[in-house]
Amino acid sequence: IGGLFSHELGHILYSDFLMMQSFANAFLSMRWYPKKPGYRNAKERDAAMEIWEYAKDDELNLKALLMVAKDLQNILEDGYIEMRMLNDYPGRLGQYLAVMRKRQFDESPTVTQMKERETAHALPIFASIRNIMLTYAKFGEIKYGDEPLTDDRIQTVFKLLSVIDDNMHSADAHDRYTAVNLILIRCWDYVKEYCEKCKEQ
């Protein structure tokens, strides 16, 4: 209970809820917020265009995309606010949070277990990718299990580590929303499949 209290207090103290609403409003208008992402290559530029084309095809597509974007933002935000709470409140609040975090990390699945869930429940690969990102964002580690580093899920997250690291720890929430946009673009093929599964459910 103390750990959950500390986590939620972290959101109250450090999350920018007005910016969260601005991001959602811009997304529903099919605009990048806080700014248009910088593309490293033509593939990323094409993916950015395909995202909005997909959104225009069906209102459910747009809603599914926004749901994924909010989930990614929450992953980065959880990592950020917990880091701030541990640093700024090292007493009881930080101790409670540390106990909860240890339990969460111990109970979080390995990549091998995530792959088994994919097979058992017909889940898209992005379900595992987002879980690996969550583990990394919160704990700074990836639980590989028996998977080689060449696994597609692991390699996808490896390619996003600089985006996560550079933006997650910034006191400026704009940076985390910029990271969300970049992740959507760089994982677009996986995200599209995930959105289709979300629509089915």
# chains A, B, ... in the order shown; residues from 1 in each chain; ligands from 1
>>> residues_around(residues="A:Leu184", least_positions_apart="4", cutoff="9 Å", atoms="only C-alpha atoms", output="VMD selection string")
chain A and resid 47 to 48 51 65 68 to 69 72 179 to 180 188 191
>>> write_last_selection(atoms="N, CA, C and O atoms", output="JSON list (two decimals), in the first residue's frame")
[["chain", "number", "residue", "atom", "x", "y", "z"],
["A", 47, "ALA", "N", 6.95, 5.51, -42.53],
["A", 47, "ALA", "CA", 6.17, 4.96, -41.42],
["A", 47, "ALA", "C", 5.31, 6.04, -40.78],
["A", 47, "ALA", "O", 4.14, 5.81, -40.45],
["A", 48, "ALA", "N", 5.87, 7.24, -40.62],
["A", 48, "ALA", "CA", 5.12, 8.36, -40.03],
["A", 48, "ALA", "C", 3.90, 8.70, -40.89],
["A", 48, "ALA", "O", 2.81, 8.96, -40.37],
["A", 51, "ILE", "N", 1.21, 5.92, -40.57],
["A", 51, "ILE", "CA", 0.46, 5.96, -39.31],
["A", 51, "ILE", "C", -0.80, 6.80, -39.47],
["A", 51, "ILE", "O", -1.90, 6.37, -39.09],
["A", 65, "LEU", "N", -4.64, 3.43, -31.98],
["A", 65, "LEU", "CA", -3.34, 4.08, -32.01],
["A", 65, "LEU", "C", -3.14, 4.97, -30.78],
["A", 65, "LEU", "O", -2.07, 4.96, -30.17],
["A", 68, "VAL", "N", -2.39, 2.90, -27.74],
["A", 68, "VAL", "CA", -1.00, 2.44, -27.71],
["A", 68, "VAL", "C", -0.07, 3.59, -27.33],
["A", 68, "VAL", "O", 0.84, 3.41, -26.52],
["A", 69, "ALA", "N", -0.32, 4.77, -27.89],
["A", 69, "ALA", "CA", 0.52, 5.94, -27.59],
["A", 69, "ALA", "C", 0.45, 6.29, -26.10],
["A", 69, "ALA", "O", 1.48, 6.56, -25.46],
["A", 72, "LEU", "N", 2.44, 3.73, -24.09],
["A", 72, "LEU", "CA", 3.89, 3.99, -24.18],
["A", 72, "LEU", "C", 4.28, 5.17, -23.31],
["A", 72, "LEU", "O", 5.31, 5.15, -22.63],
["A", 179, "ALA", "N", 9.60, 11.00, -27.39],
["A", 179, "ALA", "CA", 10.04, 9.60, -27.40],
["A", 179, "ALA", "C", 8.91, 8.67, -27.82],
["A", 179, "ALA", "O", 9.12, 7.72, -28.58],
["A", 180, "VAL", "N", 7.69, 8.93, -27.33],
["A", 180, "VAL", "CA", 6.54, 8.11, -27.71],
["A", 180, "VAL", "C", 6.36, 8.12, -29.23],
["A", 180, "VAL", "O", 6.17, 7.07, -29.87],
["A", 188, "TRP", "N", 6.53, 0.70, -36.15],
["A", 188, "TRP", "CA", 5.22, 0.78, -36.79],
["A", 188, "TRP", "C", 4.71, -0.57, -37.28],
["A", 188, "TRP", "O", 3.53, -0.91, -37.10],
["A", 191, "VAL", "N", 3.44, -2.29, -34.30],
["A", 191, "VAL", "CA", 2.33, -1.55, -33.69],
["A", 191, "VAL", "C", 1.04, -1.74, -34.48],
["A", 191, "VAL", "O", -0.04, -1.91, -33.91]]
>>> residues_around(residues="A:Asn87", least_positions_apart="5", cutoff="12 Å", atoms="only C-alpha atoms", output="PyMOL selection string")
chain A and resi 10+80-82+93-95+97-98
>>> write_last_selection(atoms="N, CA and C atoms", output="PDB file, in the first residue's frame")
ATOM      1  N   GLY A  10       3.880  10.226  -6.892  1.00  0.00           N
ATOM      2  CA  GLY A  10       4.865  10.636  -7.901  1.00  0.00           C
ATOM      3  C   GLY A  10       4.207  11.224  -9.132  1.00  0.00           C
ATOM      4  N   TYR A  80      10.039   7.509 -15.026  1.00  0.00           N
ATOM      5  CA  TYR A  80      10.491   8.846 -14.621  1.00  0.00           C
ATOM      6  C   TYR A  80      10.041   9.192 -13.201  1.00  0.00           C
ATOM      7  N   ILE A  81       8.751   9.020 -12.932  1.00  0.00           N
ATOM      8  CA  ILE A  81       8.246   9.472 -11.616  1.00  0.00           C
ATOM      9  C   ILE A  81       8.781   8.605 -10.481  1.00  0.00           C
ATOM     10  N   GLU A  82       9.002   7.315 -10.746  1.00  0.00           N
ATOM     11  CA  GLU A  82       9.563   6.468  -9.688  1.00  0.00           C
ATOM     12  C   GLU A  82      11.015   6.836  -9.405  1.00  0.00           C
ATOM     13  N   LEU A  93       8.782   7.044   2.089  1.00  0.00           N
ATOM     14  CA  LEU A  93       8.154   6.953   0.769  1.00  0.00           C
ATOM     15  C   LEU A  93       9.047   6.196  -0.211  1.00  0.00           C
ATOM     16  N   GLY A  94      10.328   6.543  -0.224  1.00  0.00           N
ATOM     17  CA  GLY A  94      11.259   5.858  -1.106  1.00  0.00           C
ATOM     18  C   GLY A  94      11.442   4.396  -0.730  1.00  0.00           C
ATOM     19  N   GLN A  95      11.462   4.122   0.575  1.00  0.00           N
ATOM     20  CA  GLN A  95      11.634   2.738   1.027  1.00  0.00           C
ATOM     21  C   GLN A  95      10.437   1.876   0.637  1.00  0.00           C
ATOM     22  N   LEU A  97       8.420   2.406  -1.830  1.00  0.00           N
ATOM     23  CA  LEU A  97       8.459   2.253  -3.279  1.00  0.00           C
ATOM     24  C   LEU A  97       9.500   1.213  -3.686  1.00  0.00           C
ATOM     25  N   ALA A  98      10.646   1.228  -3.032  1.00  0.00           N
ATOM     26  CA  ALA A  98      11.719   0.269  -3.350  1.00  0.00           C
ATOM     27  C   ALA A  98      11.265  -1.164  -3.082  1.00  0.00           C
TER      28      ALA A  98
END
>>> select_by_dssp(residues="stretch 91-180 of chain A", states="alpha helix (DSSP H)", output="number ranges by chain")
A: 92-107, 111-121, 125-139, 152-158, 161-168, 173-180
>>> residues_around(residues="stretch 23-40 of chain A", least_positions_apart="4", cutoff="9 Å", atoms="only C-alpha atoms", output="ChimeraX atom specification")
/A:18-19,44-45,48,52,55-56,62-63,65-66,69-70,174-175,177-179,181-182,185
>>> closest_residue(among="A:Met168, A:Leu9, A:Ile183, A:Met67", to="A:Lys138", atoms="only C-alpha atoms")
A:Met168
>>> residues_around(residues="A:Ser108", least_positions_apart="6", cutoff="9 Å", atoms="only C-alpha atoms", output="ChimeraX atom specification")
/A:131,135,143
>>> atom_distance(atom1="atom CA of A:Thr112", atom2="atom CA of A:Glu147")
5.9 Å
>>> closest_residue(among="A:Asp71, A:Tyr89, A:Phe105, A:Arg153", to="A:Pro124", atoms="only C-alpha atoms")
A:Arg153
>>> closest_residue(among="A:Asp152, A:Glu118, A:Glu77, A:Asp46", to="A:Ala171", atoms="only C-alpha atoms")
A:Glu77
>>> residues_around(residues="A:Gly145", least_positions_apart="4", cutoff="12 Å", atoms="only C-alpha atoms", output="mmCIF file with N, CA, C and O atoms, in the first residue's frame")
data_model
loop_
_atom_site.group_PDB
_atom_site.id
_atom_site.type_symbol
_atom_site.label_atom_id
_atom_site.label_comp_id
_atom_site.auth_asym_id
_atom_site.auth_seq_id
_atom_site.Cartn_x
_atom_site.Cartn_y
_atom_site.Cartn_z
ATOM 1 N N SER A 108 8.071 -9.957 -12.674
ATOM 2 C CA SER A 108 7.927 -9.631 -14.095
ATOM 3 C C SER A 108 8.450 -10.787 -14.950
ATOM 4 O O SER A 108 9.434 -11.444 -14.593
ATOM 5 N N PRO A 109 7.797 -11.051 -16.086
ATOM 6 C CA PRO A 109 8.175 -12.203 -16.899
ATOM 7 C C PRO A 109 9.483 -11.978 -17.659
ATOM 8 O O PRO A 109 9.856 -10.845 -17.954
ATOM 9 N N THR A 110 10.148 -13.061 -17.974
ATOM 10 C CA THR A 110 11.321 -13.006 -18.838
ATOM 11 C C THR A 110 10.847 -12.942 -20.293
ATOM 12 O O THR A 110 9.668 -13.174 -20.591
ATOM 13 N N VAL A 111 11.769 -12.644 -21.190
ATOM 14 C CA VAL A 111 11.416 -12.620 -22.612
ATOM 15 C C VAL A 111 10.944 -14.011 -23.046
ATOM 16 O O VAL A 111 9.994 -14.139 -23.829
ATOM 17 N N THR A 112 11.562 -15.045 -22.524
ATOM 18 C CA THR A 112 11.135 -16.412 -22.847
ATOM 19 C C THR A 112 9.681 -16.635 -22.439
ATOM 20 O O THR A 112 8.882 -17.187 -23.208
ATOM 21 N N GLN A 113 9.327 -16.188 -21.238
ATOM 22 C CA GLN A 113 7.940 -16.337 -20.777
ATOM 23 C C GLN A 113 6.978 -15.496 -21.609
ATOM 24 O O GLN A 113 5.846 -15.910 -21.884
ATOM 25 N N MET A 114 7.424 -14.312 -22.028
ATOM 26 C CA MET A 114 6.581 -13.474 -22.890
ATOM 27 C C MET A 114 6.291 -14.183 -24.216
ATOM 28 O O MET A 114 5.156 -14.148 -24.720
ATOM 29 N N LYS A 115 7.312 -14.816 -24.781
ATOM 30 C CA LYS A 115 7.128 -15.530 -26.049
ATOM 31 C C LYS A 115 6.160 -16.701 -25.876
ATOM 32 O O LYS A 115 5.346 -16.985 -26.768
ATOM 33 N N GLU A 116 6.231 -17.364 -24.735
ATOM 34 C CA GLU A 116 5.304 -18.464 -24.463
ATOM 35 C C GLU A 116 3.869 -17.958 -24.376
ATOM 36 O O GLU A 116 2.938 -18.610 -24.859
ATOM 37 N N ILE A 132 8.941 -5.531 -22.460
ATOM 38 C CA ILE A 132 10.388 -5.401 -22.291
ATOM 39 C C ILE A 132 10.743 -3.938 -22.041
ATOM 40 O O ILE A 132 11.568 -3.614 -21.184
ATOM 41 N N LEU A 149 20.424 -12.808 -27.621
ATOM 42 C CA LEU A 149 20.323 -11.370 -27.870
ATOM 43 C C LEU A 149 19.877 -11.058 -29.288
ATOM 44 O O LEU A 149 19.492 -9.933 -29.586
ATOM 45 N N ASP A 151 17.243 -12.230 -30.669
ATOM 46 C CA ASP A 151 15.779 -12.284 -30.742
ATOM 47 C C ASP A 151 15.223 -10.942 -31.219
ATOM 48 O O ASP A 151 15.686 -9.874 -30.794
ATOM 49 N N ILE A 154 14.119 -8.431 -28.500
ATOM 50 C CA ILE A 154 15.243 -7.828 -27.793
ATOM 51 C C ILE A 154 15.958 -6.820 -28.682
ATOM 52 O O ILE A 154 16.285 -5.703 -28.253
#
>>> decode(residues="stretch 2-14 of chain A", atoms="all heavy atoms", output="compact mmCIF listing (two decimals), in the first residue's frame")
# COMPACT_ATOMS: atom_id res chain seq x y z
N GLY A 2 1.92 1.22 0.82
CA GLY A 2 2.84 2.37 0.86
C GLY A 2 3.53 2.59 -0.47
O GLY A 2 3.74 3.73 -0.90
N GLY A 3 3.92 1.49 -1.14
CA GLY A 3 4.56 1.60 -2.43
C GLY A 3 3.64 2.16 -3.49
O GLY A 3 4.04 3.02 -4.29
N LEU A 4 2.39 1.70 -3.50
CA LEU A 4 1.41 2.22 -4.46
C LEU A 4 1.13 3.69 -4.20
O LEU A 4 1.00 4.49 -5.13
CB LEU A 4 0.10 1.42 -4.37
CG LEU A 4 0.15 0.00 -4.94
CD1 LEU A 4 -1.12 -0.76 -4.58
CD2 LEU A 4 0.32 0.03 -6.46
N PHE A 5 1.03 4.06 -2.91
CA PHE A 5 0.82 5.46 -2.55
C PHE A 5 1.97 6.32 -3.08
O PHE A 5 1.75 7.38 -3.66
CB PHE A 5 0.70 5.60 -1.03
CG PHE A 5 0.56 7.03 -0.58
CD1 PHE A 5 -0.67 7.66 -0.56
CD2 PHE A 5 1.69 7.76 -0.18
CE1 PHE A 5 -0.79 8.98 -0.15
CE2 PHE A 5 1.57 9.08 0.22
CZ PHE A 5 0.33 9.69 0.24
N SER A 6 3.19 5.85 -2.88
CA SER A 6 4.36 6.61 -3.34
C SER A 6 4.35 6.76 -4.86
O SER A 6 4.68 7.83 -5.40
CB SER A 6 5.65 5.90 -2.91
OG SER A 6 5.75 5.88 -1.50
N HIS A 7 3.99 5.69 -5.55
CA HIS A 7 3.94 5.74 -7.03
C HIS A 7 2.93 6.77 -7.49
O HIS A 7 3.23 7.63 -8.33
CB HIS A 7 3.59 4.35 -7.58
CG HIS A 7 3.39 4.33 -9.06
ND1 HIS A 7 4.42 4.07 -9.95
CD2 HIS A 7 2.29 4.57 -9.82
CE1 HIS A 7 3.96 4.14 -11.19
NE2 HIS A 7 2.67 4.44 -11.13
N GLU A 8 1.71 6.70 -6.96
CA GLU A 8 0.67 7.62 -7.41
C GLU A 8 0.97 9.06 -6.99
O GLU A 8 0.67 10.01 -7.72
CB GLU A 8 -0.70 7.18 -6.88
CG GLU A 8 -1.16 5.82 -7.38
CD GLU A 8 -1.16 5.70 -8.90
OE1 GLU A 8 -1.31 6.72 -9.62
OE2 GLU A 8 -1.02 4.56 -9.40
N LEU A 9 1.58 9.23 -5.82
CA LEU A 9 2.00 10.56 -5.40
C LEU A 9 3.04 11.11 -6.38
O LEU A 9 3.05 12.31 -6.69
CB LEU A 9 2.58 10.52 -3.98
CG LEU A 9 3.10 11.85 -3.43
CD1 LEU A 9 1.99 12.89 -3.36
CD2 LEU A 9 3.73 11.64 -2.06
N GLY A 10 3.88 10.23 -6.89
CA GLY A 10 4.86 10.64 -7.90
C GLY A 10 4.21 11.22 -9.13
O GLY A 10 4.68 12.22 -9.69
N HIS A 11 3.09 10.62 -9.57
CA HIS A 11 2.36 11.17 -10.71
C HIS A 11 1.81 12.56 -10.38
O HIS A 11 1.88 13.49 -11.19
CB HIS A 11 1.21 10.25 -11.12
CG HIS A 11 1.64 9.08 -11.94
ND1 HIS A 11 2.22 9.21 -13.18
CD2 HIS A 11 1.56 7.74 -11.70
CE1 HIS A 11 2.49 8.02 -13.68
NE2 HIS A 11 2.10 7.10 -12.79
N ILE A 12 1.26 12.69 -9.17
CA ILE A 12 0.69 13.99 -8.78
C ILE A 12 1.77 15.07 -8.74
O ILE A 12 1.56 16.20 -9.17
CB ILE A 12 -0.01 13.86 -7.41
CG1 ILE A 12 -1.27 12.99 -7.54
CG2 ILE A 12 -0.38 15.24 -6.85
CD1 ILE A 12 -1.88 12.57 -6.23
N LEU A 13 2.94 14.71 -8.24
CA LEU A 13 4.02 15.69 -8.09
C LEU A 13 4.72 16.00 -9.40
O LEU A 13 5.12 17.15 -9.63
CB LEU A 13 5.05 15.17 -7.08
CG LEU A 13 4.60 15.07 -5.63
CD1 LEU A 13 5.68 14.40 -4.80
CD2 LEU A 13 4.28 16.44 -5.06
N TYR A 14 4.89 14.99 -10.28
CA TYR A 14 5.80 15.16 -11.40
C TYR A 14 5.17 15.00 -12.80
O TYR A 14 5.79 15.39 -13.78
CB TYR A 14 6.96 14.17 -11.28
CG TYR A 14 7.71 14.29 -9.98
CD1 TYR A 14 7.76 13.23 -9.07
CD2 TYR A 14 8.37 15.46 -9.64
CE1 TYR A 14 8.44 13.34 -7.87
CE2 TYR A 14 9.06 15.58 -8.43
CZ TYR A 14 9.09 14.51 -7.55
OH TYR A 14 9.76 14.62 -6.37
